[in-house]
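Engineer: Pasting query-v1.cif here (mmCIF, C-alpha atoms):
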data_target
#
loop_
_atom_site.label_atom_id
_atom_site.label_comp_id
_atom_site.auth_asym_id
_atom_site.auth_seq_id
_atom_site.Cartn_x
_atom_site.Cartn_y
_atom_site.Cartn_z
CA MET A 1 -70.51 -20.44 135.45
CA ILE A 2 -68.74 -18.73 138.35
CA ALA A 3 -67.05 -15.41 137.54
CA VAL A 4 -63.40 -15.29 138.62
CA GLU A 5 -63.75 -11.84 140.18
CA ASN A 6 -66.59 -13.07 142.40
CA SER A 7 -65.11 -16.39 143.52
CA CYS A 8 -62.67 -17.78 146.06
CA LEU A 9 -60.89 -20.99 146.92
CA ARG A 10 -61.78 -22.77 150.14
CA PRO A 11 -59.94 -25.80 151.56
CA ILE A 12 -62.06 -28.89 152.24
CA ASP A 13 -61.22 -30.97 155.30
CA ARG A 14 -61.37 -34.78 155.45
CA ASN A 15 -65.02 -34.62 156.56
CA GLY A 16 -66.03 -32.54 153.56
CA LYS A 17 -66.41 -29.31 155.51
CA LEU A 18 -65.53 -26.01 153.87
CA LEU A 19 -62.85 -24.10 155.70
CA CYS A 20 -61.80 -20.43 155.57
CA PRO A 21 -61.35 -18.89 152.08
CA VAL A 22 -57.78 -18.55 150.95
CA PRO A 23 -56.81 -14.86 150.47
CA ASP A 24 -55.98 -14.14 146.84
CA SER A 25 -52.67 -12.56 147.83
CA SER A 26 -51.52 -15.64 149.80
CA THR A 27 -48.97 -18.09 148.47
CA LEU A 28 -49.73 -21.81 148.56
CA LYS A 29 -47.28 -22.17 151.44
CA GLU A 30 -48.91 -19.37 153.43
CA ALA A 31 -52.32 -20.93 152.80
CA GLU A 32 -50.93 -24.31 153.96
CA VAL A 33 -52.05 -25.95 150.72
CA LYS A 34 -50.13 -29.18 150.35
CA LEU A 35 -49.97 -32.09 147.94
CA ARG A 36 -53.37 -33.84 147.63
CA SER A 37 -55.16 -30.99 149.44
CA SER A 38 -58.76 -30.48 148.30
CA LEU A 39 -59.96 -26.99 147.34
CA GLY A 40 -63.47 -25.86 146.49
CA LEU A 41 -64.29 -23.03 144.08
CA CYS A 42 -67.02 -21.04 145.83
CA LEU A 43 -69.08 -17.93 145.22
CA GLY A 44 -68.00 -14.78 147.00
CA LYS A 45 -64.80 -12.84 147.31
CA ALA A 46 -62.02 -13.96 149.63
CA PRO A 47 -61.14 -11.68 152.55
CA THR A 48 -58.29 -9.25 152.05
CA SER A 49 -55.25 -9.14 154.31
CA SER A 50 -57.04 -6.65 156.59
CA GLN A 51 -60.29 -8.59 156.79
CA LEU A 52 -61.53 -11.56 158.86
CA PHE A 53 -63.74 -14.43 157.76
CA LEU A 54 -65.89 -15.34 160.77
CA LEU A 55 -68.55 -17.93 161.52
CA PHE A 56 -71.35 -17.11 163.92
CA ALA A 57 -74.36 -18.91 165.34
CA LEU A 58 -77.27 -18.25 167.65
CA GLY A 59 -77.00 -19.71 171.16
CA SER A 60 -74.50 -22.18 172.53
CA ASP A 61 -76.05 -25.41 171.23
CA ILE A 62 -74.57 -25.46 167.73
CA GLN A 63 -75.61 -28.06 165.18
CA PRO A 64 -73.19 -28.86 162.32
CA GLY A 65 -73.90 -26.79 159.23
CA THR A 66 -76.03 -24.15 161.00
CA GLU A 67 -73.29 -21.52 161.28
CA MET A 68 -73.55 -18.32 159.22
CA GLU A 69 -70.61 -16.57 157.59
CA VAL A 70 -69.51 -12.96 157.48
CA ILE A 71 -66.44 -11.02 156.33
CA VAL A 72 -65.55 -7.96 158.44
CA GLU A 73 -62.60 -5.61 158.88
CA GLU A 74 -60.19 -6.63 161.64
CA THR A 75 -60.35 -3.04 162.94
CA LEU A 76 -64.11 -3.36 163.54
CA SER A 77 -65.22 -2.99 167.14
CA VAL A 78 -66.99 -5.77 169.00
CA ARG A 79 -70.09 -3.57 169.26
CA ASP A 80 -70.24 -2.96 165.50
CA CYS A 81 -69.52 -6.62 164.76
CA LEU A 82 -72.44 -7.58 167.00
CA LYS A 83 -74.74 -5.19 165.09
CA ILE A 84 -73.73 -6.71 161.75
CA MET A 85 -74.36 -10.25 162.98
CA LEU A 86 -77.72 -9.33 164.52
CA GLU A 87 -78.78 -7.65 161.26
CA LYS A 88 -77.72 -10.66 159.20
CA SER A 89 -79.55 -13.00 161.60
CA GLY A 90 -82.70 -10.87 161.57
CA LEU A 91 -82.72 -10.63 165.37
CA PRO A 92 -84.44 -7.59 166.90
CA GLY A 93 -83.24 -5.45 169.82
CA ASP A 94 -79.82 -4.91 171.32
CA ALA A 95 -80.03 -7.19 174.37
CA TRP A 96 -77.34 -9.53 173.03
CA HIS A 97 -73.63 -10.09 173.44
CA LEU A 98 -70.89 -12.11 171.76
CA ARG A 99 -68.91 -15.04 173.07
CA LYS A 100 -66.08 -16.82 171.33
CA MET A 101 -66.51 -20.56 170.95
CA ASP A 102 -63.68 -22.39 172.70
CA TRP A 103 -61.78 -25.48 171.58
CA CYS A 104 -64.40 -27.71 173.27
CA TYR A 105 -67.08 -26.21 170.96
CA GLU A 106 -68.69 -24.52 173.96
CA ALA A 107 -69.45 -20.87 174.73
CA GLY A 108 -66.37 -19.28 176.26
CA GLU A 109 -65.94 -15.98 178.06
CA PRO A 110 -67.98 -13.05 176.67
CA LEU A 111 -66.31 -10.33 174.66
CA CYS A 112 -66.75 -7.66 177.34
CA GLU A 113 -64.64 -4.89 175.82
CA GLU A 114 -67.24 -3.76 173.30
CA ASP A 115 -65.14 -0.81 172.12
CA ALA A 116 -62.06 -2.98 171.48
CA THR A 117 -61.32 -4.09 167.93
CA LEU A 118 -61.43 -7.70 166.84
CA LYS A 119 -57.71 -7.56 166.17
CA GLU A 120 -56.98 -6.33 169.70
CA LEU A 121 -58.94 -9.27 171.12
CA MET A 122 -56.96 -11.63 168.86
CA ILE A 123 -60.01 -12.79 166.88
CA CYS A 124 -58.74 -14.64 163.82
CA SER A 125 -60.20 -15.80 160.53
CA GLY A 126 -62.09 -19.06 161.00
CA ASP A 127 -63.13 -18.29 164.60
CA THR A 128 -66.75 -18.92 165.58
CA LEU A 129 -68.62 -16.28 167.57
CA LEU A 130 -71.86 -17.05 169.40
CA LEU A 131 -74.80 -14.67 169.70
CA ILE A 132 -76.02 -14.98 173.29
CA GLU A 133 -79.14 -13.26 174.57
CA GLY A 134 -78.69 -10.77 177.41
CA LYS A 135 -76.76 -7.51 177.79
CA LEU A 136 -73.40 -7.53 179.52
CA PRO A 137 -73.16 -5.94 182.98
CA SER A 138 -71.24 -2.75 183.66
CA PRO A 139 -67.47 -3.00 184.35
CA GLY A 140 -66.80 -4.28 187.86
CA PHE A 141 -70.17 -6.04 188.04
CA LEU A 142 -71.37 -9.58 187.39
CA LYS A 143 -74.70 -10.69 185.96
CA VAL A 144 -75.38 -13.92 187.82
CA PRO A 145 -78.29 -16.25 186.98
CA ILE A 146 -79.75 -17.61 190.24
CA TRP A 147 -81.32 -21.06 190.47
CA TRP A 148 -83.11 -22.83 193.32
CA HIS A 149 -82.03 -26.40 194.04
CA GLN A 150 -83.80 -28.93 196.20
CA PRO A 151 -83.23 -32.71 196.26
CA GLN A 152 -86.16 -34.95 195.42
CA GLY A 153 -88.07 -36.54 198.26
CA PRO A 154 -89.34 -40.14 198.38
CA SER A 155 -92.78 -39.06 197.20
CA GLY A 156 -91.32 -37.85 193.92
CA ARG A 157 -91.79 -34.14 194.74
CA TRP A 158 -88.78 -31.88 194.94
CA GLU A 159 -88.29 -31.54 198.67
CA SER A 160 -85.92 -32.58 201.42
CA GLU A 161 -86.59 -35.32 203.93
CA ASP A 162 -87.98 -33.06 206.66
CA GLN A 163 -90.19 -30.82 204.47
CA PRO A 164 -87.89 -27.78 204.76
CA HIS A 165 -88.14 -24.35 203.33
CA GLY A 166 -89.71 -23.93 199.97
CA SER A 167 -91.75 -25.87 197.47
CA PRO A 168 -92.73 -25.04 193.92
CA ALA A 169 -95.21 -22.19 193.94
CA GLN A 170 -98.59 -22.62 192.34
CA GLY A 171 -98.26 -21.90 188.67
CA GLY A 172 -94.48 -22.31 188.84
CA SER A 173 -92.61 -25.22 187.36
CA TRP A 174 -89.36 -26.99 188.01
CA ARG A 175 -86.82 -27.35 185.26
CA ALA A 176 -85.88 -30.89 186.18
CA ALA A 177 -83.18 -33.12 184.79
CA SER A 178 -85.10 -36.26 185.67
CA THR A 179 -86.35 -39.24 183.73
CA GLN A 180 -90.14 -39.48 183.50
CA GLY A 181 -91.83 -42.79 184.22
CA VAL A 182 -88.93 -44.40 186.08
CA PRO A 183 -90.10 -46.16 189.25
CA GLY A 184 -88.31 -45.77 192.56
CA HIS A 185 -85.99 -43.06 193.81
CA VAL A 186 -82.91 -42.80 191.63
CA PRO A 187 -79.59 -41.07 192.38
CA ALA A 188 -78.28 -37.74 191.20
CA GLU A 189 -81.63 -36.41 189.99
CA VAL A 190 -81.42 -32.65 190.04
CA SER A 191 -84.14 -30.04 189.85
CA LEU A 192 -83.28 -26.42 189.25
CA LEU A 193 -85.87 -23.65 189.36
CA TYR A 194 -84.78 -20.43 187.68
CA LEU A 195 -85.30 -17.46 190.01
CA GLY A 196 -83.83 -14.68 187.86
CA ASP A 197 -80.63 -12.70 187.26
CA ILE A 198 -78.95 -10.33 189.67
CA ASP A 199 -76.36 -7.64 188.97
CA ILE A 200 -73.81 -7.57 191.75
CA ALA A 201 -70.38 -6.01 192.27
CA GLU A 202 -67.35 -8.28 192.03
CA ASP A 203 -66.15 -7.07 195.44
CA ALA A 204 -69.45 -8.05 197.11
CA THR A 205 -69.38 -11.06 199.44
CA LEU A 206 -71.12 -14.39 199.08
CA VAL A 207 -73.57 -13.45 201.84
CA ASP A 208 -74.41 -10.30 199.84
CA LEU A 209 -75.22 -12.48 196.84
CA LYS A 210 -77.49 -14.72 198.95
CA SER A 211 -79.29 -11.71 200.41
CA GLN A 212 -79.81 -10.14 197.00
CA ALA A 213 -81.05 -13.45 195.56
CA ARG A 214 -83.70 -13.59 198.30
CA SER A 215 -85.17 -10.35 196.95
CA LEU A 216 -86.02 -11.90 193.57
CA PRO A 217 -89.82 -12.20 193.12
CA PRO A 218 -89.98 -16.03 192.84
CA ALA A 219 -87.93 -16.36 196.05
CA SER A 220 -90.73 -14.80 198.14
CA LYS A 221 -93.15 -17.51 196.99
CA LEU A 222 -90.65 -20.22 197.95
CA ALA A 223 -90.11 -18.91 201.48
CA VAL A 224 -86.34 -18.86 200.94
CA PRO A 225 -84.55 -18.89 204.33
CA GLY A 226 -81.89 -16.47 205.51
CA PRO A 227 -78.35 -16.46 204.10
CA ALA A 228 -77.03 -18.61 206.99
CA LEU A 229 -79.39 -21.42 205.93
CA LEU A 230 -78.48 -21.31 202.25
CA ARG A 231 -75.78 -23.40 200.59
CA ALA A 232 -74.36 -21.93 197.35
CA TRP A 233 -73.09 -23.94 194.39
CA THR A 234 -71.94 -23.06 190.91
CA VAL A 235 -74.06 -24.60 188.15
CA GLU A 236 -72.18 -26.96 185.84
CA ASN A 237 -73.81 -29.19 183.23
CA LYS A 238 -77.28 -28.32 184.61
CA ARG A 239 -76.44 -29.56 188.11
CA PRO A 240 -74.63 -28.25 191.23
CA GLY A 241 -70.90 -28.10 190.61
CA ARG A 242 -68.46 -26.34 192.96
CA LEU A 243 -69.47 -25.62 196.55
CA LEU A 244 -68.83 -22.00 197.53
CA ARG A 245 -67.72 -21.70 201.14
CA ALA A 246 -67.00 -18.77 203.48
CA ASP A 247 -69.88 -16.28 203.37
CA ARG A 248 -67.61 -13.30 204.03
CA ARG A 249 -65.37 -14.02 201.05
CA GLU A 250 -65.57 -11.63 198.07
CA LEU A 251 -67.01 -13.00 194.84
CA LYS A 252 -63.93 -12.12 192.82
CA GLU A 253 -61.88 -14.44 195.04
CA TYR A 254 -63.94 -17.39 193.81
CA LYS A 255 -62.87 -16.61 190.21
CA LEU A 256 -66.35 -17.32 188.95
CA GLY A 257 -65.84 -15.76 185.54
CA ARG A 258 -68.58 -14.01 183.59
CA THR A 259 -70.37 -17.20 182.58
CA ALA A 260 -71.05 -18.53 186.08
CA ALA A 261 -74.51 -19.33 187.40
CA ILE A 262 -75.30 -19.99 191.06
CA CYS A 263 -77.84 -22.33 192.61
CA LEU A 264 -78.98 -22.03 196.22
CA GLU A 265 -79.91 -25.02 198.37
CA PRO A 266 -81.88 -24.71 201.64
CA LEU A 267 -80.45 -26.16 204.86
CA GLN A 268 -82.12 -27.39 208.04
CA ARG A 269 -79.37 -25.95 210.21
CA GLU A 270 -76.35 -23.72 209.80
CA GLU A 271 -73.23 -25.57 208.72
CA ARG A 272 -69.56 -24.77 209.14
CA LEU A 273 -67.38 -26.88 206.88
CA GLY A 274 -63.67 -27.12 207.59
CA PRO A 275 -61.06 -26.68 204.85
CA LEU A 276 -60.47 -30.46 204.66
CA ASP A 277 -64.14 -31.47 204.87
CA VAL A 278 -65.78 -32.94 201.76
CA LEU A 279 -69.57 -32.79 201.47
CA LEU A 280 -70.92 -36.00 199.92
CA ARG A 281 -74.45 -37.21 199.08
CA THR A 282 -74.89 -40.80 200.27
CA GLN A 283 -77.78 -42.97 199.12
CA MET A 284 -78.62 -46.42 200.50
CA ARG A 285 -79.58 -48.96 197.86
CA VAL A 286 -83.00 -50.55 198.35
CA PRO A 287 -82.53 -54.34 198.65
CA GLY A 288 -84.06 -56.29 195.79
CA GLN A 289 -84.69 -53.15 193.73
CA ARG A 290 -82.66 -51.10 191.31
CA ALA A 291 -83.40 -47.94 193.27
CA TYR A 292 -82.06 -45.87 196.17
CA ALA A 293 -83.38 -44.18 199.29
CA PRO A 294 -83.31 -40.34 199.39
CA ALA A 295 -79.89 -38.70 199.55
CA VAL A 296 -78.35 -37.88 202.92
CA ASP A 297 -75.57 -35.31 203.35
CA LEU A 298 -72.35 -36.74 204.76
CA VAL A 299 -69.42 -34.57 205.85
CA TRP A 300 -66.21 -36.52 205.34
CA ASP A 301 -63.22 -35.21 207.29
CA THR A 302 -60.27 -36.06 205.06
CA ALA A 303 -57.85 -34.86 207.77
CA ARG A 304 -58.49 -38.24 209.40
CA GLY A 305 -57.70 -40.05 206.18
CA SER A 306 -58.64 -39.81 202.51
CA SER A 307 -58.34 -43.50 201.71
CA ALA A 308 -61.05 -45.91 200.60
CA GLY A 309 -60.95 -47.51 204.02
CA ALA A 310 -61.40 -44.18 205.79
CA LEU A 311 -64.43 -43.28 203.66
CA ARG A 312 -65.98 -46.72 204.06
CA GLN A 313 -65.57 -46.45 207.83
CA THR A 314 -67.21 -43.00 207.83
CA VAL A 315 -70.12 -44.23 205.72
CA ALA A 316 -70.54 -47.37 207.84
CA ASP A 317 -70.61 -45.30 211.04
CA SER A 318 -73.24 -42.94 209.62
CA TYR A 319 -75.54 -45.87 208.76
CA ALA A 320 -74.63 -47.92 211.87
CA LEU A 321 -73.37 -50.81 209.73
CA PRO A 322 -70.38 -53.14 210.15
CA VAL A 323 -67.62 -51.77 207.96
CA GLU A 324 -66.91 -55.21 206.47
CA LYS A 325 -70.56 -55.41 205.36
CA THR A 326 -70.57 -52.00 203.70
CA GLU A 327 -69.96 -51.53 199.98
CA ILE A 328 -69.70 -48.07 198.35
CA ALA A 329 -69.41 -46.68 194.83
CA LYS A 330 -69.11 -43.24 193.25
CA TYR A 331 -71.70 -42.16 190.70
CA PHE A 332 -70.70 -40.42 187.45
CA PRO A 333 -73.97 -38.77 186.32
CA GLU A 334 -72.65 -37.56 182.97
CA LYS A 335 -71.93 -41.19 182.01
CA PHE A 336 -74.66 -42.88 184.09
CA GLU A 337 -72.00 -45.16 185.54
CA TRP A 338 -70.95 -46.36 189.01
CA LEU A 339 -67.36 -46.99 190.05
CA PRO A 340 -67.03 -49.26 193.11
CA ILE A 341 -64.64 -47.85 195.71
CA SER A 342 -62.30 -50.54 196.90
CA SER A 343 -58.91 -50.37 198.58
CA TRP A 344 -56.07 -49.71 196.18
CA ASN A 345 -54.17 -52.47 197.92
CA GLN A 346 -56.32 -54.86 195.89
CA GLN A 347 -55.81 -53.00 192.63
CA ILE A 348 -52.03 -52.64 192.50
CA THR A 349 -50.42 -55.35 190.43
CA LYS A 350 -47.35 -57.29 191.48
CA LYS A 351 -45.27 -55.40 188.92
CA LYS A 352 -45.79 -52.17 190.88
CA LYS A 353 -42.84 -51.98 193.23
CA LYS A 354 -43.71 -48.54 194.53
CA LYS A 355 -47.07 -48.40 196.29
CA LYS A 356 -49.24 -45.49 195.25
CA GLN A 357 -50.87 -43.31 197.85
CA ASP A 358 -54.46 -44.37 198.53
CA ASN A 359 -56.20 -41.02 198.04
CA LEU A 360 -59.78 -40.92 196.74
CA GLN A 361 -59.42 -37.25 195.83
CA GLY A 362 -57.05 -38.31 193.06
CA ALA A 363 -57.48 -40.65 190.07
CA PRO A 364 -59.65 -42.49 189.27
CA TYR A 365 -62.32 -41.26 191.74
CA TYR A 366 -61.55 -37.54 192.10
CA LEU A 367 -64.02 -37.23 195.00
CA LYS A 368 -65.24 -33.68 195.58
CA ASP A 369 -68.10 -31.77 197.17
CA GLY A 370 -71.52 -32.86 195.93
CA ASP A 371 -70.51 -36.30 194.64
CA THR A 372 -73.07 -39.08 195.03
CA ILE A 373 -71.97 -42.20 196.90
CA GLY A 374 -74.09 -45.33 196.58
CA VAL A 375 -74.16 -47.52 199.70
CA LYS A 376 -74.98 -51.24 199.96
CA ASN A 377 -75.74 -53.19 203.10
CA LEU A 378 -74.22 -56.57 202.31
CA LEU A 379 -76.18 -58.11 205.17
CA VAL A 380 -79.36 -57.85 203.06
CA ASP A 381 -78.09 -57.05 199.55
CA ASP A 382 -75.25 -59.03 198.00
CA ASP A 383 -75.92 -57.97 194.39
CA GLU A 384 -72.77 -56.52 192.79
CA ASP A 385 -74.74 -54.17 190.52
CA PHE A 386 -75.07 -50.51 191.57
CA SER A 387 -76.97 -49.28 188.50
CA THR A 388 -80.61 -48.20 188.22
CA ILE A 389 -83.24 -48.26 185.49
CA ARG A 390 -82.54 -44.57 184.93
CA ASP A 391 -78.91 -45.42 184.18
CA ASP A 392 -80.01 -47.87 181.49
CA ILE A 393 -82.24 -45.22 179.92
CA GLY A 394 -79.51 -42.57 180.19
CA LYS A 395 -76.88 -44.76 178.53
CA GLU A 396 -79.26 -45.55 175.70
CA LYS A 397 -79.91 -41.82 175.19
CA LEU A 398 -76.18 -41.11 175.11
CA LYS A 399 -75.76 -43.86 172.54
CA GLN A 400 -78.55 -42.41 170.38
CA MET A 401 -77.11 -38.89 170.68
CA ALA A 402 -73.68 -40.10 169.56
CA LEU A 403 -75.30 -41.95 166.67
CA GLY A 404 -77.27 -38.85 165.70
CA LYS A 405 -74.14 -36.67 165.66
CA ARG A 406 -72.38 -39.24 163.54
CA HIS A 407 -75.26 -39.28 161.03
CA SER A 408 -75.23 -35.45 160.94
CA ARG A 409 -71.53 -35.41 160.14
CA GLU A 410 -71.97 -38.05 157.46
CA ALA A 411 -74.91 -36.16 155.93
CA LEU A 412 -72.91 -32.91 155.86
CA GLN A 413 -69.95 -34.72 154.31
CA ALA A 414 -72.18 -36.32 151.68
CA GLN A 415 -73.80 -32.96 150.90
CA ASN A 416 -70.45 -31.27 150.35
CA SER A 417 -69.20 -34.24 148.35
CA ASP A 418 -72.21 -33.98 146.02
CA ILE A 419 -71.55 -30.29 145.47
CA PHE A 420 -67.93 -30.73 144.48
CA SER A 421 -68.21 -34.05 142.66
CA SER A 422 -70.09 -32.24 139.87
CA THR A 423 -67.06 -29.99 139.34
CA GLY A 424 -64.73 -32.95 139.14
CA THR A 425 -62.96 -32.16 142.39
CA PRO A 426 -61.10 -35.31 143.49
CA THR A 427 -61.87 -36.51 146.98
CA ARG A 428 -58.95 -37.00 149.27
CA PRO A 429 -58.54 -40.69 150.21
CA ARG A 430 -58.75 -41.36 153.89
CA GLY A 431 -55.76 -43.13 155.36
CA PRO A 432 -56.03 -46.26 157.46
CA GLU A 433 -56.79 -45.76 161.15
CA ALA A 434 -54.07 -46.65 163.63
CA SER A 435 -54.08 -46.98 167.40
CA LEU A 436 -52.33 -44.29 169.44
CA SER A 437 -50.90 -44.73 172.91
CA ILE A 438 -50.02 -41.73 175.08
CA HIS A 439 -47.87 -42.20 178.17
CA VAL A 440 -47.85 -39.35 180.69
CA GLY A 441 -45.19 -39.32 183.36
CA SER A 442 -45.81 -38.53 187.00
CA PHE A 443 -44.62 -35.04 188.00
CA ARG A 444 -45.59 -35.21 191.67
#
Please lay out the structure from this file as structure tokens.
Structural biologist:
Amino acid sequence: MIAVENSCLRPIDRNGKLLCPVPDSSTLKEAEVKLRSSLGLCLGKAPTSSQLFLLFALGSDIQPGTEMEVIVEETLSVRDCLKIMLEKSGLPGDAWHLRKMDWCYEAGEPLCEEDATLKELMICSGDTLLLIEGKLPSPGFLKVPIWWHQPQGPSGRWESEDQPHGSPAQGGSWRAASTQGVPGHVPAEVSLLYLGDIDIAEDATLVDLKSQARSLPPASKLAVPGPALLRAWTVENKRPGRLLRADRRELKEYKLGRTAAICLEPLQREERLGPLDVLLRTQMRVPGQRAYAPAVDLVWDTARGSSAGALRQTVADSYALPVEKTEIAKYFPEKFEWLPISSWNQQITKKKKKKKQDNLQGAPYYLKDGDTIGVKNLLVDDDEDFSTIRDDIGKEKLKQMALGKRHSREALQAQNSDIFSSTGTPTRPRGPEASLSIHVGSFR
């Protein structure tokens, strides 16, 4: 039997998950308890009006049900809160910091003001904090993880077409986002080799960052070229994201944030991209195979036109093909899907009286630096399919991951249902699902 003085009420959501305890001093209205709400009687005291009920977990890859719970004073400092969570987790050392999980269930910005109270940083009951390894840099400085990026060559090794600077050192290993056992060269494969972290001032320039990165021990084994022959990208979803231009620009102007990582890519020659240039990776499809030739950089000058026709003409010229026999598509690596790029003149229905501007930098293509463009020579390849074997494998993995998350949620729901069914707690009936349409107006 649970003693009243050592118990609390916790709302149960529609998935069977326990939410924040309801403070004993709260009214039903303040606790947002409504008709047919489900409450669980749980061990442990509810937080007082001056306390916070927090969830915390180790790392940024959180699995449902793995979070730990703690009740702390809202006047507690971030530093002391970190110590309590480390002690409860049994983690040694002090080389850790806290990040608040954002609404996308991902690690957000770190809590840098370690002497500030949780209340001052607007941490609320029910928030999830993440224990991330690594100490925070001093004020005015950034701790930037540096990665080495090199496209894969036709032999399957990570190299560029002309055997440029750098190759994996003996004893070193690439952290590759590739699919093992897939024949042929496939698009958007990315290999990132971790070089190390650097501490650098926010008012330092991009060329300063490149120079400092070259001093990291693994960089000497890779024969990393000078700053002028290095291209810098942010790292997003384990692949190059935003291209950082202008070497003399200060890092704080890029608004990198404190979670940014940078990958460096070697170049054969110095490049000077204009403000309207878009750097694309084009790959020619191998006729009769579901594979592509190695990627080739293509600088697309959008000042001359940003339409589908303008891009197709640029691609056709670079491959010396007739434009009418050239087919192109954009690759979406996170979905393992290709979207053929055709003129919007063919896509606008008769009901559309006002013709939309044909701009590939807008919906649905959103072309940007680093995007992969598949190219077909219709003179020798008239197959409409752009996909590869790797895409089939990737889609199947995504399907299995979604299925696994669904099973985890159902298992957690069933576990919580078993706990509260023994106490006679009625389960809240789930209402019928209904379709929802959202119409967003154009504000341009």
Engineer: Counting all atoms listed in the file, which of A:Ala116, A:Trp147, A:Ala95, A:Leu41 gets nearest to Leu76 in chain A?
Structural biologist: A:Ala116
Engineer: Evaluate the PyMOL selection byres ((chain A and resi 3-20) around 6) here and jot the selected residues down as an mmCIF file with C-alpha atoms, in the coordinates of the input.
Structural biologist:
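Dumped everything to out_28.cif:
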data_model
loop_
_atom_site.group_PDB
_atom_site.id
_atom_site.type_symbol
_atom_site.label_atom_id
_atom_site.label_comp_id
_atom_site.auth_asym_id
_atom_site.auth_seq_id
_atom_site.Cartn_x
_atom_site.Cartn_y
_atom_site.Cartn_z
ATOM 1 C CA ILE A 2 -68.740 -18.730 138.350
ATOM 2 C CA PRO A 21 -61.350 -18.890 152.080
ATOM 3 C CA VAL A 22 -57.780 -18.550 150.950
ATOM 4 C CA SER A 38 -58.760 -30.480 148.300
ATOM 5 C CA LEU A 39 -59.960 -26.990 147.340
ATOM 6 C CA GLY A 40 -63.470 -25.860 146.490
ATOM 7 C CA LEU A 41 -64.290 -23.030 144.080
ATOM 8 C CA CYS A 42 -67.020 -21.040 145.830
ATOM 9 C CA LEU A 43 -69.080 -17.930 145.220
ATOM 10 C CA GLY A 44 -68.000 -14.780 147.000
ATOM 11 C CA LYS A 45 -64.800 -12.840 147.310
ATOM 12 C CA ALA A 46 -62.020 -13.960 149.630
ATOM 13 C CA GLY A 126 -62.090 -19.060 161.000
ATOM 14 C CA GLN A 413 -69.950 -34.720 154.310
ATOM 15 C CA ASN A 416 -70.450 -31.270 150.350
#
Engineer: What separation in Å, quoted to one decimal, exists between CA of Ala57 in chain A and CA of Leu131 in chain A?
Structural biologist: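 Going from CA of Ala57 in chain A over to CA of Leu131 in chain A, I get 6.1 Å.
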Engineer: For Ser25 in chain A, work out the shell of residues within 10 Å, counting only C-alpha atoms and skipping chain neighbours fewer than 4 positions away, then give it as a list in words.
Structural biologist: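 Once the nearby chain positions are removed, what remains is Glu30, Ala31, Ala46, Pro47, Thr48 and Ser49 of chain A.
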Engineer: Restricting the output to C-alpha atoms, write the selected residues as a PDB file, in the frame of the given file.
Structural biologist:
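Contents of the output file selection.pdb:
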ATOM      1  CA  GLU A  30     -48.910 -19.370 153.430  1.00  0.00           C
ATOM      2  CA  ALA A  31     -52.320 -20.930 152.800  1.00  0.00           C
ATOM      3  CA  ALA A  46     -62.020 -13.960 149.630  1.00  0.00           C
ATOM      4  CA  PRO A  47     -61.140 -11.680 152.550  1.00  0.00           C
ATOM      5  CA  THR A  48     -58.290  -9.250 152.050  1.00  0.00           C
ATOM      6  CA  SER A  49     -55.250  -9.140 154.310  1.00  0.00           C
TER       7      SER A  49
END
Engineer: To one decimal place, how far is CA of Asp197 in chain A from CA of Ile146 in chain A in Å?
Structural biologist: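 It comes out at 5.8 Å.
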Engineer: Which distance in Å separates CA of Asp94 in chain A and CA of Lys135 in chain A, to one decimal?
Structural biologist: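 Result for CA of Asp94 in chain A versus CA of Lys135 in chain A: 7.6 Å, one decimal.
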Engineer: Under the rule that all atoms listed in the file are counted, which of A:Asp381, A:Glu109, A:Glu74, A:Asp203 is the nearest residue to Ala260 in chain A?
Structural biologist: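 That would be A:Glu109, the residue with the smallest distance to Ala260 in chain A.
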Engineer: Pull out every residue that the PyMOL selection byres ((chain A and resi 82) around 10) matches in the shown coordinates and put them as JSON, numbers by chain.
Structural biologist: {"A": [76, 77, 78, 79, 80, 81, 83, 84, 85, 86, 87, 88, 94, 96, 97, 98, 114, 129, 130, 131]}
Engineer: Name the closest residue to Glu324 in chain A among the candidates A:Thr372, A:Asn377, A:Gln361, A:Thr282; distances are taken between atoms, counting all atoms listed in the file.
Structural biologist: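 Closest to Glu324 in chain A of all the choices is A:Asn377.
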Engineer: Could you list, as a PDB file with C-alpha atoms, keeping the file's coordinate frame, every residue within 8 Å of Leu229 in chain A, counting only C-alpha atoms and ignoring same-chain residues fewer than 6 positions away?
Structural biologist:
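In the end it all went to selection_36.pdb:
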ATOM      1  CA  PRO A 266     -81.880 -24.710 201.640  1.00  0.00           C
ATOM      2  CA  LEU A 267     -80.450 -26.160 204.860  1.00  0.00           C
ATOM      3  CA  GLN A 268     -82.120 -27.390 208.040  1.00  0.00           C
ATOM      4  CA  ARG A 269     -79.370 -25.950 210.210  1.00  0.00           C
ATOM      5  CA  GLU A 270     -76.350 -23.720 209.800  1.00  0.00           C
ATOM      6  CA  GLU A 271     -73.230 -25.570 208.720  1.00  0.00           C
TER       7      GLU A 271
END
Engineer: For range 311-316 of chain A, list every protein, DNA or RNA residue within 12 Å, evaluated using all atoms listed in the file, and leave out those in the same chain fewer than 6 positions away; present the list as an MDAnalysis selection string.
Structural biologist: chainID A and resid 277:284 296:305 322:330 340:343 358:361 367 373:378
Engineer: Which residue out of A:Ser191, A:Ser60, A:Ser89, A:Ser435 has the minimum interatomic distance to Thr128 in chain A when only C-alpha atoms are used?
Structural biologist: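 Closest to Thr128 in chain A, using only C-alpha atoms: A:Ser60.
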Engineer: How would you write, as an NGL selection string, the residues chosen by the PyMOL selection byres ((chain A and resi 388) around 6) on this structure?
Structural biologist: :A and (290-291 or 387 or 389-391)
